[in-house]
Every structure is written in structure tokens, then in C-alpha cells.
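Novice: I'd like to ask you about the structure that follows.
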Amino acid sequence: MSLSASAIAQTIQLSVTPVFLLVATGSLLNVLMGRLSRVVDRSRTLMDLWPKTEGIDHKKVVDELGLADRRMQVINNSIGAAVGCGIVVCVCVALLFTQTFTGMNLAVATSCAFAVAMLLLLISLLLFLYEVRLAIRAIQVPMELLETEELGWLRRQKRG
């Protein structure tokens with residue numbers, strides 16, 4: 001089968017959308033790796049504090065370590081889904097070129113691959129959202145540190 005330059009150019013044009021998805025997935029992986037590094041660093045700090053604490057402070061360290069462990073698991077699963085998405089996008093592009101070079105009709109396989117890639121990206125993003133929620137739960141500012149109107153009023157009453 002003789003391939004024209006226009007057929008190859010058309011295939012390259014068709015592969016642009018999946019490649020944009022691949023770029024977005026790479027960016028997501030970069031963010032996830034940054035978050036994972038931060039959680040690992042925090043976990044190491046907490047592990048150093050663990051033998052040095054007692055009572056309520058020890059319980060806080062243990063609780064935060066448990067939450068950090070959960071966050072690492074969720075981030076790891078999100079990374080796995082994003083990497084899976086990237087792999088399937090590459091398969092999708094390979095199917096497009098295989099169809100062009102062989103003349104086989106791979107439209108259904110290509111469409112399925114793209115749909116699977118989108119599903120994996122969706123799973124990765126949902127896990128990312130869940131991990132962000134876990135991170136917010138780990139950082140609960142004690143009410144006594146918040147200078148609300150009521151606390152300010154109480155302090156002024158005690159002083160005056």
C-alpha cells in the first residue's frame with residue numbers, strides 16, 4: 001500500500017487531540033508527584049517526633065501519621081490512574097497510525113482506547129480531589145487561634 005503525504009498529515013492531525021490529553025496527564029502527574037513529596041517529607045518529620053511526644057501531643061502525631069499514610073495511598077492510586085491514562089493515550093495514537101499504514105479499520109478500537117483514557121483521567125482527578133480534601137482535614141486551625149469577633153470581645157472584657 002502506498003501512503004501519500006496527505007494521509008500521513010491527516011493521521012498526525014487526528015493524533016493531536018490524544019497528544020493534548022497526554023500533555024495534560026503529564027502536568028497532572030507533576031502536581032501529584034509534588035504533593036507526594038510534601039506528604040513524605042511531613043511523614044518523616046512526624047516519625048522523628050513520634051518517640052519524643054507523650055499524651056495528647058503523641059495522639060496528634062499518631063493521628064496525623066495515619067492521615068499522611070492514607071494520603072500517600074490515595075496519591076499513589078491517582079498516579080497509577082494517570083500513568084494508565086498516558087499509556088492508553090499512546091496506544092490510541094499507535095492505533096491511529098497502524099490504521100493509516102495497514103489500511104485496517106481500527107476505528108472502534110481507537111474510540112474505545114480514547115474512552116478508557118478519559119475514564120482513567122477522570123479517576124485520577126477524582127482521587128486528586130479526595131486527597132486535597134484529606135489534606136484540608138489534616139490542617140485544622142484550632143478555634144482559639146482564630147481571632148473571631150467573639151474571642152476579641154472576650155479578651156477585651158478580661159483585660160478591662
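Going through the C-alpha cells in order, the chains are called A, B, and so on, while each chain numbers its residues from 1 and the ligands are numbered from 1 in the order shown.
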I'd like the contact shell of range 56-68 of chain A - 7 Å cut-off, only C-alpha atoms, skipping same-chain residues fewer than 4 positions apart - returned as JSON, numbers by chain.
Specialist: {"A": [39, 43, 46, 50, 72, 138]}
Novice: Those residues with N, CA and C atoms, as a PDB file, in the first residue's frame please?
Specialist:
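Now in selection_1.pdb:
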```
ATOM      1  N   VAL A  39       3.990  15.148  51.320  1.00  0.00           N
ATOM      2  CA  VAL A  39       3.430  14.238  52.326  1.00  0.00           C
ATOM      3  C   VAL A  39       4.536  13.348  52.898  1.00  0.00           C
ATOM      4  N   SER A  43       5.668  13.229  56.723  1.00  0.00           N
ATOM      5  CA  SER A  43       5.662  11.942  57.434  1.00  0.00           C
ATOM      6  C   SER A  43       6.988  11.682  58.123  1.00  0.00           C
ATOM      7  N   LEU A  46       7.072  13.802  61.204  1.00  0.00           N
ATOM      8  CA  LEU A  46       6.212  13.213  62.241  1.00  0.00           C
ATOM      9  C   LEU A  46       6.836  11.963  62.844  1.00  0.00           C
ATOM     10  N   TRP A  50       7.543  11.291  66.790  1.00  0.00           N
ATOM     11  CA  TRP A  50       6.802  10.211  67.441  1.00  0.00           C
ATOM     12  C   TRP A  50       7.420   9.761  68.771  1.00  0.00           C
ATOM     13  N   MET A  72      -0.903   9.280  51.131  1.00  0.00           N
ATOM     14  CA  MET A  72       0.085   8.665  50.235  1.00  0.00           C
ATOM     15  C   MET A  72      -0.550   7.562  49.392  1.00  0.00           C
ATOM     16  N   ALA A 138      -6.350  17.522  57.492  1.00  0.00           N
ATOM     17  CA  ALA A 138      -5.150  17.419  58.324  1.00  0.00           C
ATOM     18  C   ALA A 138      -4.771  18.762  58.930  1.00  0.00           C
TER      19      ALA A 138
END
```
Novice: So the first atom is CA of Ile75 in chain A and the second is CA of Arg137 in chain A; what is the distance between them in Å, to one decimal place?
Specialist: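 Separation of CA of Ile75 in chain A and CA of Arg137 in chain A: 15.5 Å.
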Novice: Can you write out as a tab-separated table which residues of range 97-121 of chain A fall within 9 Å of range 5-16 of chain A, alongside each residue's closest atom pair and its distance in Å to one decimal, counting only C-alpha atoms and ordering rows by chain and ascending residue number?
Specialist:
```
residue	atom	partner	partner_atom	distance
A:Phe97	CA	A:Thr11	CA	6.5
A:Thr100	CA	A:Thr11	CA	6.9
A:Phe101	CA	A:Ile8	CA	8.6
```
Novice: How would the residues just chosen look if you wrote them out with C-alpha atoms as a PDB file, in the first residue's frame?
Specialist:
```pdb
ATOM      1  CA  PHE A  97      -1.009   5.238  12.771  1.00  0.00           C
ATOM      2  CA  THR A 100      -3.140   4.542   8.329  1.00  0.00           C
ATOM      3  CA  PHE A 101      -0.220   2.250   7.478  1.00  0.00           C
TER       4      PHE A 101
END
```
Novice: Need to verify the contact set: Asn77 in chain A, 8 Å, only C-alpha atoms, exclusion of same-chain residues closer than 4 positions in sequence. Can you return it as a list in words?
Specialist: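 Residues meeting the cut-off are Gln73, Ala81, Ser124 and Leu127 of chain A.
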Novice: Would you mind telling me which residue in A:Val89, A:Leu49, A:Leu36, A:Val19 lies nearest to Asp69 in chain A when using only C-alpha atoms?
Specialist: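 That would be A:Leu36, the residue with the smallest distance to Asp69 in chain A.
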Novice: Nearest to Phe20 in chain A: which of A:Val93, A:Met104, A:Ala113, A:Val74 is it, counting only C-alpha atoms?
Specialist: A:Val93
Novice: I'd like the interatomic distance between CA of Ala115 in chain A and CA of Asn76 in chain A, to a tenth of an Å.
Specialist: 22.3 Å
